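Everything on this sheet refers to the single structure shown next.
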Protein chains: 4
Amino acid sequence: MHCERSMDFTINCDLGEGFGRYRVADDAEIMPLIDLANIACGFHASDPIIMSDTARLAAAAGKRAGAHPSLPDLQGFGRREMMLTRYEVSCAVRYQIGAIKAFLDAENIPLSHVKPHGALYGMAARDENIANAICDGAEGFDVPILGLAGTAHEHVYTKRGFDFVAEFYADLDYDDAGMIVIGRRPQTRAATAAADRVVQALCHGVTLSANGLSIPVRATSVCVHSDSGNALELIRAIRNVLSTLGAIQ
Amino acid sequence: MHCERSMDFTINCDLGEGFGRYRVADDAEIMPLIDLANIACGFHASDPIIMSDTARLAAAAGKRAGAHPSLPDLQGFGRREMMLTRYEVSCAVRYQIGAIKAFLDAENIPLSHVKPHGALYGMAARDENIANAICDGAEGFDVPILGLAGTAHEHVYTKRGFDFVAEFYADLDYDDAGMIVIGRRPQTRAATAAADRVVQALCHGVTLSANGLSIPVRATSVCVHSDSGNALELIRAIRNVLSTLGAIQ
Amino acid sequence: MHCERSMDFTINCDLGEGFGRYRVADDAEIMPLIDLANIACGFHASDPIIMSDTARLAAAAGKRAGAHPSLPDLQGFGRREMMLTRYEVSCAVRYQIGAIKAFLDAENIPLSHVKPHGALYGMAARDENIANAICDGAEGFDVPILGLAGTAHEHVYTKRGFDFVAEFYADLDYDDAGMIVIGRRPQTRAATAAADRVVQALCHGVTLSANGLSIPVRATSVCVHSDSGNALELIRAIRNVLSTLGAIQ
Amino acid sequence: MHCERSMDFTINCDLGEGFGRYRVADDAEIMPLIDLANIACGFHASDPIIMSDTARLAAAAGKRAGAHPSLPDLQGFGRREMMLTRYEVSCAVRYQIGAIKAFLDAENIPLSHVKPHGALYGMAARDENIANAICDGAEGFDVPILGLAGTAHEHVYTKRGFDFVAEFYADLDYDDAGMIVIGRRPQTRAATAAADRVVQALCHGVTLSANGLSIPVRATSVCVHSDSGNALELIRAIRNVLSTLGAIQ
């Protein structure tokens with residue numbers, strides 16, 4: 001195997017997604033293996049304690065830490081669409097970015113990026129109004145936004161002057177149009193197969209849709225959900241293969 | 001009447017205390033009449049929309065805007081004590097300050113101060129552990145904290161290096177020890193009587209306890225709750241009498 | 001004026017829609033003037049205290065009291081659509097009916113009916129899946145369900161063996177297809193005009209759409225929202241004109 | 001070993017304590033091994049979906065199912081004390097019992113008992129006002145209440161005419177006065193040691209306090225928390241030893 005593209009790819013992961021008494025992943029194990037931590041902000045998961053702990057983990061591991069804002073739906077883990085106005089979405093996003101930034105400030109690390117979560121992410125991919133709402137909420141923080149290439153994410157974020165980071169999902173299915181299928185839970189995939197899939201996507205710009213169709217993809221970061229069931233194993237496999245190819249630091 | 005003290009006093013008011021469909025006060029009417037707006041942050045009242053609107057009101061009126069963090073108790077309006085650890089309180093406070101600061105940033109006005117709300121305020125007045133938790137959460141924001149003179153508020157905040165602003169409550173009863181009585185709702189007082197009471201307290205350093213005892217008080221700011229029932233009338237009367245005495249700008 | 005139909009019409013009203021410190025209506029004033037109280041259950045408004053108080057009000061006034069279940073969206077007052085599964089909706093509905101029934105039991109009055117609230121109501125009108133979810137949640141309680149004639153409400157509820165009560169909205173606009181327009185807030189209408197509109201609808205089976213088109217409607221109950229701004233006045237006017245016509249008890 | 005008392009003891013367990021995306025125990029594994037399921041009602045844990053699922057599990061296993069009401073504190077898992085009035089507590093308890101009863105009705109199994117959770121349980125043990133609030137909320141449901149012998153639980157519940165079931169905690173420490181120590185999490189104890197401890201308590205009426213003092217206890221049911229870390233193992237060991245002694249069915 002080789003990598004056609006010479007970029008330094010990154011692994012990004014949604015972290016700090018417990019709540020109160022609950023945990024969905026071993027964040028302390030995952031943190032050292034990733035590059036960008038998308039930290040939940042209390043709307044789909046997390047609470048002030050977990051946000052503080054997760055900011056501390058990121059700082060201790062020297063990782064880039066970003067905001068992972070969501071629709072306000074703790075019970076649905078932010079994976080159920082809600083019909084909010086642009087102003088409602090923008091205020092929810094700003095609130096969450098401000099909250100996580102306060103914990104990053106306490107750890108003396110900067111806010112690195114913004115990555116919308118779940119249903120909000122999916123809605124913004126296809127609806128410019130929602131993508132604009134995210135920009136409204138992120139304005140002034142001066143950080144890149146992560147999203148899907150070729151969707152309203154890229155179109156709106158770049159038009160609004162934000163840096164855009166295109167990502168590939170290691171643990172979600174793609175439809176024939178190149179859109180991810182956002183369900184209630186990420187896929188639990190075999191680690192080796194997932195790592196191969198990531199190399200195909202990042203290095204060669206192609207992936208297989210759920211229907212088996214070969215479709216073009218464009219991404220410089222790969223996302224793994226911490227609640228996928230085997231996130232740790234997946235991340236290790238991906239990091240390992242990308243390292244071997246010299247395509248990740 | 002005259003004022004023994006030559007300070008410029010201020011009026012501070014808890015604002016933005018509606019939630020979703022609900023409102024408790026006409027913030028747009030109150031804002032121009034006060035000096036410091038203590039803006040609710042979503043834990044005892046408010047939501048991202050209302051926070052955005054209230055920050056905008058403060059900016060438009062050229063007022064100083066601070067954070068009004070609370071225990072997480074929307075149903076109890078933050079007026080029921082909860083047994084939280086120091087770390088839980090500090091994280092809750094930091095989360096809320098960060099959230100409101102994001103909306104102030106959007107309006108290009110600085111965070112002016114922090115004033116804990118309701119039960120959190122009362123607990124911090126008598127428990128150094130809670131007062132320290134508030135400092136932990138406010139650390140790094142470099143703004144004064146409002147509180148009661150002669151209590152753990154003043155003692156801890158100043159010891160921790162925060163500027164301390166002592167305040168007097170126009171719409172709460174005081175006990176014989178000079179402590180305010182925090183109930184579920186502020187008093188609805190006759191405006192003239194309340195204004196006289198404020199002059200006695202701010203200008204002459206004395207007030208009557210609920211038992212009719214004359215007790216010393218020390219304050220440079222007067223607080224009015226926006227949900228007191230006649231807040232607007234109270235604030236007008238207080239501002240009027242302090243202006244006449246040349247004791248407020 | 002006369003009434004072509006000889007039925008005893010009823011007035012139903014959404015009540016108990018405060019939350020914690022907040023109130024949207026004077027329920028004690030409204031209760032004696034209506035026939036059916038649709039009591040909020042804590043998901044779009046209300047809390048256990050208010051539910052207890054409202055059940056007591058209904059019992060004291062000798063009124064029929066029903067459940068007014070909603071999507072779980074306190075911030076949005078249940079007026080924002082959320083994409084829930086049939087099972088999620090049915091469980092949310094059952095939870096809320098059980099909760100309010102416990103307070104009615106305490107007052108020794110039966111559960112009288114179920115009326116879904118806001119966005120849930122609107123979704124059920126056009127989506128049989130959601131209408132079925134409401135039936136799943138209401139099954140076993142053996143009470144009628146209120147809704148809109150000629151929509152999935154009537155079709156599904158009757159097919160599932162529930163009694164169906166068709167209602168007309170005094171404070172909402174209708175589109176040309178006879179569907180109500182559910183916004184964030186009900187209309188504040190002039191009371192006399194609203195009462196005339198109700199007579200036209202209930203007695204003569206016709207109303208004007210927002211476009212001015214005359215459209216057929218069929219209803220035996222009229223709904224007024226308690227948060228409409230002038231609910232009390234509206235209800236008085238409606239009750240008065242229906243009484244004059246001998247069309248209400 | 002033998003058992004001095006000839007009663008049929010029972011094992012009760014707090015179940016259905018996940019929330020949305022989160023789980024703390026494998027309820028399907030635990031359910032067949034216990035006698036009484038204390039089902040969480042959405043205030044410290046659970047949601048309508050999980051309550052429906054848990055009621056179904058209890059019905060399928062032929063187990064007795066009760067309400068496990070809590071203070072309203074999802075983030076604190078109901079293990080933080082809150083200063084609520086008697087009326088607030090009673091309404092919260094009634095709301096939760098009504099909600100879970102609706103799911104038991106759907107499964108055609110009766111409400112078997114009420115067992116307050118966490119901080120509410122601890123407060124009721126020492127404060128008659130809170131114990132009375134629980135009775136106010138449970139009144140009319142005509143089921144026993146579980147609690148600690150010799151505390152306000154027993155005193156108030158029996159005085160109010162409720163059947164009282166005394167229980168022993170397999171996974172909590174006792175102080176020298178015979179009161180359990182309610183922390184944020186139950187102990188993870190070695191299963192054999194815990195089972196021995198249960199036999200000592202139930203069969204011989206004695207246990208060791210955290211200080212090593214031998215203290216009298218009186219109980220006919222043993223409680224295991226499902227979130228203790230090794231609940232399944234603990235319950236198996238306890239059931240096994242009690243079965244061997246002929247002291248459980």
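Chains: A, B, ... in order of the structure tokens. Residues: from 1 per chain. Ligands: from 1, in order shown.
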
Per residue of chain B within 10 Å of chain D, what are the shortest atom pair and its distance in Å to one decimal, counting only C-alpha atoms, with rows by chain and residue number, as a tab-separated table?
residue	atom	partner	partner_atom	distance
B:Pro72	CA	D:Asp73	CA	8.8
B:Asp73	CA	D:Asp73	CA	8.5
B:Gln75	CA	D:Pro72	CA	9.0
B:Gly76	CA	D:Leu84	CA	8.8
B:Arg79	CA	D:Met83	CA	9.2
B:Arg80	CA	D:Met83	CA	5.5
B:Glu81	CA	D:Met83	CA	5.2
B:Met82	CA	D:Met82	CA	4.3
B:Met83	CA	D:Glu81	CA	5.2
B:Leu84	CA	D:Arg80	CA	6.6
B:Thr85	CA	D:Arg80	CA	9.3
B:Glu88	CA	D:Gly76	CA	9.8
B:Ala119	CA	D:Met83	CA	9.9

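Look at Asn12 (chain C): the protein and nucleic acid residues within 9 Å of it, using only C-alpha atoms and passing over chain neighbours fewer than 4 places away, are Ile34, Asp35, Leu36, Ala37, Asn38, Glu167, Ser221, Val222, Cys223, Val224 and His225 of chain C.
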
Can those selected residues be exported to a file as a CSV table (one decimal), in the first residue's frame so that it contains all heavy atoms?
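Listed below is the output, again.csv:
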chain,number,residue,atom,x,y,z
C,34,ILE,N,-64.5,27.1,31.3
C,34,ILE,CA,-64.3,26.1,30.3
C,34,ILE,C,-65.0,24.8,30.7
C,34,ILE,O,-65.6,24.6,31.8
C,34,ILE,CB,-62.8,25.8,30.0
C,34,ILE,CG1,-62.2,25.2,31.3
C,34,ILE,CG2,-62.1,27.1,29.6
C,34,ILE,CD1,-60.9,24.6,31.0
C,35,ASP,N,-65.0,23.8,29.7
C,35,ASP,CA,-65.6,22.5,30.0
C,35,ASP,C,-64.6,21.4,30.2
C,35,ASP,O,-64.7,20.6,31.0
C,35,ASP,CB,-66.6,22.1,28.9
C,35,ASP,CG,-67.6,23.2,28.7
C,35,ASP,OD1,-68.5,23.3,29.5
C,35,ASP,OD2,-67.5,24.0,27.7
C,36,LEU,N,-63.5,21.5,29.3
C,36,LEU,CA,-62.5,20.4,29.4
C,36,LEU,C,-61.1,21.1,29.6
C,36,LEU,O,-60.7,22.0,28.8
C,36,LEU,CB,-62.4,19.7,28.0
C,36,LEU,CG,-63.4,18.6,27.7
C,36,LEU,CD1,-64.8,19.2,27.3
C,36,LEU,CD2,-63.0,17.7,26.6
C,37,ALA,N,-60.4,20.7,30.6
C,37,ALA,CA,-59.1,21.2,30.9
C,37,ALA,C,-58.1,20.2,30.3
C,37,ALA,O,-58.1,19.1,30.7
C,37,ALA,CB,-58.9,21.4,32.3
C,38,ASN,N,-57.2,20.7,29.4
C,38,ASN,CA,-56.1,19.9,28.8
C,38,ASN,C,-54.9,20.2,29.7
C,38,ASN,O,-54.3,21.3,29.5
C,38,ASN,CB,-55.9,20.2,27.4
C,38,ASN,CG,-57.2,20.3,26.6
C,38,ASN,OD1,-58.0,19.5,26.7
C,38,ASN,ND2,-57.3,21.4,25.8
C,167,GLU,N,-62.3,19.3,17.0
C,167,GLU,CA,-62.3,20.6,17.6
C,167,GLU,C,-62.0,21.7,16.6
C,167,GLU,O,-61.4,21.4,15.6
C,167,GLU,CB,-61.3,20.6,18.8
C,167,GLU,CG,-59.9,20.3,18.4
C,167,GLU,CD,-58.9,20.3,19.6
C,167,GLU,OE1,-59.3,20.8,20.7
C,167,GLU,OE2,-57.8,19.9,19.4
C,221,SER,N,-66.1,20.8,19.7
C,221,SER,CA,-65.5,21.5,20.8
C,221,SER,C,-64.6,22.6,20.2
C,221,SER,O,-64.1,22.5,19.1
C,221,SER,CB,-64.6,20.5,21.6
C,221,SER,OG,-64.1,21.1,22.8
C,222,VAL,N,-64.5,23.7,21.0
C,222,VAL,CA,-63.7,24.8,20.5
C,222,VAL,C,-62.5,24.9,21.5
C,222,VAL,O,-62.6,24.8,22.7
C,222,VAL,CB,-64.4,26.1,20.4
C,222,VAL,CG1,-65.1,26.5,21.7
C,222,VAL,CG2,-63.5,27.3,20.0
C,223,CYS,N,-61.3,25.1,20.9
C,223,CYS,CA,-60.1,25.1,21.7
C,223,CYS,C,-59.6,26.6,21.8
C,223,CYS,O,-59.5,27.3,20.8
C,223,CYS,CB,-59.0,24.3,21.1
C,223,CYS,SG,-57.4,24.5,22.0
C,224,VAL,N,-59.2,27.0,23.0
C,224,VAL,CA,-58.6,28.3,23.2
C,224,VAL,C,-57.3,28.0,24.0
C,224,VAL,O,-57.2,27.2,24.9
C,224,VAL,CB,-59.4,29.2,24.0
C,224,VAL,CG1,-58.7,30.6,24.2
C,224,VAL,CG2,-60.8,29.5,23.3
C,225,HIS,N,-56.2,28.6,23.5
C,225,HIS,CA,-54.9,28.4,24.2
C,225,HIS,C,-54.8,29.4,25.4
C,225,HIS,O,-55.1,30.6,25.2
C,225,HIS,CB,-53.7,28.7,23.2
C,225,HIS,CG,-53.6,27.7,22.2
C,225,HIS,ND1,-54.2,27.8,20.9
C,225,HIS,CD2,-52.9,26.5,22.2
C,225,HIS,CE1,-53.9,26.7,20.2
C,225,HIS,NE2,-53.1,25.9,20.9

Problem - Spatial neighbours of Arg218 (chain C), 8 Å, only C-alpha atoms, chain gap at least 4 places, as a list of chain:residue names - result: C:Ala149, C:Ala166, C:Glu167, C:Phe168, C:Ala201, C:Leu202, C:Gly205, C:Val206

Handout entry: Coordinates-based distance that separates CA of Asp173 (chain C) from CA of Thr220 (chain C) (Å, one decimal)
Key = 18.1 Å

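The shortest atom-to-atom distance to Ser112 (chain D), with only C-alpha atoms taken into account, belongs to D:Ala65 out of D:Thr158, D:Ala65, D:Asp142, D:Val93.
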
Exercise for the section: Would you please extract all strand (DSSP E) residues from region 144-227 of chain C, as assigned by DSSP on the backbone, and give them as a list of chain:residue names? Expected result: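 Here are the strand (DSSP E) residues of region 144-227 of chain C: C:Ile145, C:Leu146, C:Gly147, C:Phe164, C:Val165, C:Ala166, C:Glu167, C:Phe168, C:Tyr169, C:Val206, C:Thr207, C:Leu208, C:Ser214, C:Ile215, C:Pro216, C:Ser221, C:Val222, C:Cys223, C:Val224, C:His225.
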
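The spacing separating CA of Tyr95 (chain C) from CA of His44 (chain D) amounts to 15.4 Å.
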
Exercise for the section: Work out how far apart CA of Val199 (chain B) and CA of Gly246 (chain B) are and give it in Å to one decimal. Expected result: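 Straight-line distance from CA of Val199 (chain B) to CA of Gly246 (chain B) works out to 11.6 Å.
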
Problem - Non-local contacts of Ile50 (chain B) (10 Å; only C-alpha atoms; under 5 positions in same chain excluded) as JSON, numbers by chain - result: {"A": [88, 91], "B": [15, 16, 17, 18, 19, 20, 23, 39, 40, 41, 42, 45, 55, 56]}

Write the selection just made, keeping N, CA, C and O atoms, as a PDB file, in the first residue's frame?
ATOM      1  N   GLU A  88     -32.194  30.317  16.707  1.00  0.00           N
ATOM      2  CA  GLU A  88     -32.118  29.338  17.796  1.00  0.00           C
ATOM      3  C   GLU A  88     -30.863  28.486  17.692  1.00  0.00           C
ATOM      4  O   GLU A  88     -30.184  28.218  18.689  1.00  0.00           O
ATOM      5  N   CYS A  91     -27.649  30.618  18.444  1.00  0.00           N
ATOM      6  CA  CYS A  91     -27.470  30.903  19.875  1.00  0.00           C
ATOM      7  C   CYS A  91     -27.039  29.642  20.627  1.00  0.00           C
ATOM      8  O   CYS A  91     -26.180  29.697  21.516  1.00  0.00           O
TER       9      CYS A  91
ATOM     10  N   LEU B  15     -31.118  40.085  35.282  1.00  0.00           N
ATOM     11  CA  LEU B  15     -31.925  40.219  34.064  1.00  0.00           C
ATOM     12  C   LEU B  15     -31.815  38.982  33.180  1.00  0.00           C
ATOM     13  O   LEU B  15     -31.002  38.099  33.427  1.00  0.00           O
ATOM     14  N   GLY B  16     -32.661  38.953  32.178  1.00  0.00           N
ATOM     15  CA  GLY B  16     -32.661  37.803  31.277  1.00  0.00           C
ATOM     16  C   GLY B  16     -33.115  36.547  31.995  1.00  0.00           C
ATOM     17  O   GLY B  16     -32.623  35.465  31.732  1.00  0.00           O
ATOM     18  N   GLU B  17     -34.083  36.690  32.893  1.00  0.00           N
ATOM     19  CA  GLU B  17     -34.495  35.555  33.723  1.00  0.00           C
ATOM     20  C   GLU B  17     -35.767  34.876  33.243  1.00  0.00           C
ATOM     21  O   GLU B  17     -36.438  34.181  33.999  1.00  0.00           O
ATOM     22  N   GLY B  18     -36.094  35.062  31.988  1.00  0.00           N
ATOM     23  CA  GLY B  18     -37.156  34.258  31.406  1.00  0.00           C
ATOM     24  C   GLY B  18     -36.620  32.892  31.010  1.00  0.00           C
ATOM     25  O   GLY B  18     -35.464  32.542  31.298  1.00  0.00           O
ATOM     26  N   PHE B  19     -37.426  32.097  30.327  1.00  0.00           N
ATOM     27  CA  PHE B  19     -36.974  30.804  29.790  1.00  0.00           C
ATOM     28  C   PHE B  19     -37.945  30.399  28.685  1.00  0.00           C
ATOM     29  O   PHE B  19     -39.161  30.360  28.921  1.00  0.00           O
ATOM     30  N   GLY B  20     -37.407  30.108  27.515  1.00  0.00           N
ATOM     31  CA  GLY B  20     -38.259  29.676  26.409  1.00  0.00           C
ATOM     32  C   GLY B  20     -39.427  30.621  26.224  1.00  0.00           C
ATOM     33  O   GLY B  20     -39.249  31.799  25.907  1.00  0.00           O
ATOM     34  N   ARG B  23     -41.498  34.756  30.467  1.00  0.00           N
ATOM     35  CA  ARG B  23     -40.795  35.976  30.861  1.00  0.00           C
ATOM     36  C   ARG B  23     -41.203  36.329  32.289  1.00  0.00           C
ATOM     37  O   ARG B  23     -42.339  36.084  32.676  1.00  0.00           O
ATOM     38  N   ILE B  39     -26.593  38.859  34.160  1.00  0.00           N
ATOM     39  CA  ILE B  39     -27.356  38.118  33.144  1.00  0.00           C
ATOM     40  C   ILE B  39     -27.387  36.624  33.454  1.00  0.00           C
ATOM     41  O   ILE B  39     -26.349  35.967  33.573  1.00  0.00           O
ATOM     42  N   ALA B  40     -28.604  36.105  33.592  1.00  0.00           N
ATOM     43  CA  ALA B  40     -28.807  34.685  33.866  1.00  0.00           C
ATOM     44  C   ALA B  40     -28.200  33.841  32.746  1.00  0.00           C
ATOM     45  O   ALA B  40     -28.177  34.260  31.589  1.00  0.00           O
ATOM     46  N   CYS B  41     -27.714  32.656  33.096  1.00  0.00           N
ATOM     47  CA  CYS B  41     -26.881  31.861  32.183  1.00  0.00           C
ATOM     48  C   CYS B  41     -27.466  30.491  31.833  1.00  0.00           C
ATOM     49  O   CYS B  41     -26.748  29.608  31.356  1.00  0.00           O
ATOM     50  N   GLY B  42     -28.747  30.271  32.093  1.00  0.00           N
ATOM     51  CA  GLY B  42     -29.365  29.026  31.661  1.00  0.00           C
ATOM     52  C   GLY B  42     -29.501  27.957  32.725  1.00  0.00           C
ATOM     53  O   GLY B  42     -30.064  26.895  32.451  1.00  0.00           O
ATOM     54  N   ALA B  45     -32.475  30.008  35.070  1.00  0.00           N
ATOM     55  CA  ALA B  45     -33.372  30.729  34.171  1.00  0.00           C
ATOM     56  C   ALA B  45     -32.571  30.982  32.911  1.00  0.00           C
ATOM     57  O   ALA B  45     -31.367  30.756  32.879  1.00  0.00           O
ATOM     58  N   ALA B  55     -27.772  40.220  26.163  1.00  0.00           N
ATOM     59  CA  ALA B  55     -26.464  40.806  25.882  1.00  0.00           C
ATOM     60  C   ALA B  55     -26.616  41.973  24.907  1.00  0.00           C
ATOM     61  O   ALA B  55     -25.988  43.026  25.060  1.00  0.00           O
ATOM     62  N   ARG B  56     -27.474  41.800  23.920  1.00  0.00           N
ATOM     63  CA  ARG B  56     -27.715  42.856  22.935  1.00  0.00           C
ATOM     64  C   ARG B  56     -28.347  44.091  23.585  1.00  0.00           C
ATOM     65  O   ARG B  56     -27.936  45.218  23.307  1.00  0.00           O
TER      66      ARG B  56
END

Handout entry: Selection: 12 Å around Cys135 (chain B), only C-alpha atoms, excl. self and same-chain fewer than 4 positions, as an MDAnalysis selection string
Key = chainID B and resid 86:87 89:94 97 114:116 124 128:131 139:146 152:164

Handout entry: Residue contacts of Ile235 (chain C) (12 Å, only C-alpha atoms) excluding same-chain residues fewer than 5 positions away, as number ranges by chain
Key = C: 10-13, 29-35, 169-171, 189-192, 194-195, 198, 222-226, 228-230, 240-243

For those residues, write N, CA and C atoms to a file as a compact mmCIF listing (two decimals), in the first residue's frame.
# COMPACT_ATOMS: atom_id res chain seq x y z
N THR C 10 -68.56 22.19 23.51
CA THR C 10 -67.74 22.40 24.71
C THR C 10 -66.58 23.34 24.37
N ILE C 11 -66.06 23.97 25.42
CA ILE C 11 -64.83 24.76 25.28
C ILE C 11 -63.72 23.99 25.97
N ASN C 12 -62.63 23.74 25.23
CA ASN C 12 -61.48 23.09 25.86
C ASN C 12 -60.31 24.07 25.86
N CYS C 13 -59.48 23.94 26.89
CA CYS C 13 -58.39 24.91 27.05
C CYS C 13 -57.15 24.22 27.62
N GLU C 29 -58.75 31.75 37.07
CA GLU C 29 -59.80 32.55 36.44
C GLU C 29 -60.42 31.82 35.26
N ILE C 30 -59.57 31.12 34.51
CA ILE C 30 -60.05 30.46 33.29
C ILE C 30 -60.86 29.21 33.59
N MET C 31 -60.41 28.43 34.56
CA MET C 31 -61.01 27.11 34.80
C MET C 31 -62.54 27.10 34.87
N PRO C 32 -63.17 28.04 35.62
CA PRO C 32 -64.63 27.96 35.74
C PRO C 32 -65.38 28.20 34.42
N LEU C 33 -64.67 28.79 33.44
CA LEU C 33 -65.35 29.20 32.20
C LEU C 33 -65.25 28.16 31.09
N ILE C 34 -64.54 27.08 31.34
CA ILE C 34 -64.34 26.09 30.28
C ILE C 34 -65.03 24.77 30.65
N ASP C 35 -65.00 23.82 29.73
CA ASP C 35 -65.60 22.52 30.00
C ASP C 35 -64.56 21.42 30.17
N TYR C 169 -60.22 25.67 16.29
CA TYR C 169 -59.31 26.56 17.00
C TYR C 169 -59.73 28.01 16.85
N ALA C 170 -60.07 28.61 17.97
CA ALA C 170 -60.53 29.99 17.95
C ALA C 170 -59.37 30.96 17.72
N ASP C 171 -58.16 30.54 18.05
CA ASP C 171 -57.04 31.49 18.03
C ASP C 171 -55.90 31.08 17.11
N ARG C 189 -56.55 37.47 19.09
CA ARG C 189 -57.65 37.95 18.23
C ARG C 189 -58.61 38.81 19.06
N ALA C 190 -59.29 39.71 18.40
CA ALA C 190 -60.37 40.44 19.06
C ALA C 190 -61.43 39.43 19.49
N ALA C 191 -61.91 39.58 20.72
CA ALA C 191 -62.80 38.57 21.31
C ALA C 191 -64.10 38.42 20.53
N THR C 192 -64.70 39.52 20.13
CA THR C 192 -65.99 39.43 19.42
C THR C 192 -65.82 38.73 18.08
N ALA C 194 -63.52 36.64 17.28
CA ALA C 194 -63.23 35.23 17.52
C ALA C 194 -64.50 34.46 17.85
N ALA C 195 -65.35 35.07 18.65
CA ALA C 195 -66.60 34.39 19.02
C ALA C 195 -67.48 34.18 17.80
N VAL C 198 -66.18 31.33 15.89
CA VAL C 198 -66.53 30.05 16.53
C VAL C 198 -67.96 29.65 16.19
N VAL C 222 -64.50 23.70 20.98
CA VAL C 222 -63.65 24.79 20.53
C VAL C 222 -62.47 24.91 21.49
N CYS C 223 -61.29 25.05 20.91
CA CYS C 223 -60.07 25.15 21.72
C CYS C 223 -59.59 26.59 21.81
N VAL C 224 -59.23 26.99 23.02
CA VAL C 224 -58.56 28.27 23.23
C VAL C 224 -57.25 27.99 23.98
N HIS C 225 -56.17 28.58 23.50
CA HIS C 225 -54.88 28.42 24.20
C HIS C 225 -54.82 29.39 25.36
N SER C 226 -54.36 28.93 26.51
CA SER C 226 -54.32 29.82 27.67
C SER C 226 -53.21 30.86 27.53
N SER C 228 -52.61 32.75 24.88
CA SER C 228 -52.86 33.54 23.67
C SER C 228 -52.77 35.05 23.92
N GLY C 229 -52.69 35.47 25.15
CA GLY C 229 -52.57 36.90 25.42
C GLY C 229 -53.88 37.48 25.96
N ASN C 230 -55.00 37.04 25.38
CA ASN C 230 -56.30 37.49 25.89
C ASN C 230 -57.27 36.31 26.02
N ASN C 240 -70.29 33.14 26.09
CA ASN C 240 -71.46 34.00 26.09
C ASN C 240 -72.32 33.81 24.84
N VAL C 241 -71.65 33.81 23.68
CA VAL C 241 -72.43 33.70 22.44
C VAL C 241 -73.00 32.29 22.27
N LEU C 242 -72.26 31.28 22.66
CA LEU C 242 -72.80 29.92 22.55
C LEU C 242 -73.95 29.71 23.54
N SER C 243 -73.86 30.31 24.70
CA SER C 243 -74.95 30.22 25.69
C SER C 243 -76.21 30.87 25.14

Exercise for the section: Could you tell me which of A:Leu148, A:Leu172, A:Val165, A:Leu232 comes closest to Val217 (chain A) if we count only C-alpha atoms? Expected result: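 Going through A:Leu148, A:Leu172, A:Val165, A:Leu232 one by one, the smallest distance to Val217 (chain A) is for A:Leu148.
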
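Counting only C-alpha atoms and comparing B:Ala102, B:Ile109, B:Ile238, B:Ile248, the residue that lies closest to Gln200 (chain B) is B:Ile238.
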
Practice task
Can you check which residues of region 54-209 of chain A DSSP gives as alpha helix (DSSP H) on the backbone and send them as JSON, numbers by chain?
Solution key: {"A": [54, 55, 56, 57, 58, 59, 60, 61, 86, 87, 88, 89, 90, 91, 92, 93, 94, 95, 96, 97, 98, 99, 100, 101, 102, 103, 104, 105, 106, 118, 119, 120, 121, 122, 123, 124, 125, 126, 128, 129, 130, 131, 132, 133, 134, 135, 136, 137, 138, 152, 153, 154, 155, 156, 157, 158, 159, 191, 192, 193, 194, 195, 196, 197, 198, 199, 200, 201, 202, 203, 204]}

Handout entry: Proximity to Gly183 (chain D) - best of D:Gly150, D:Gly78, D:Gly137, D:Pro110, only C-alpha atoms
Key =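 Looking only at the distances to Gly183 (chain D), the closest residue turns out to be D:Gly78.
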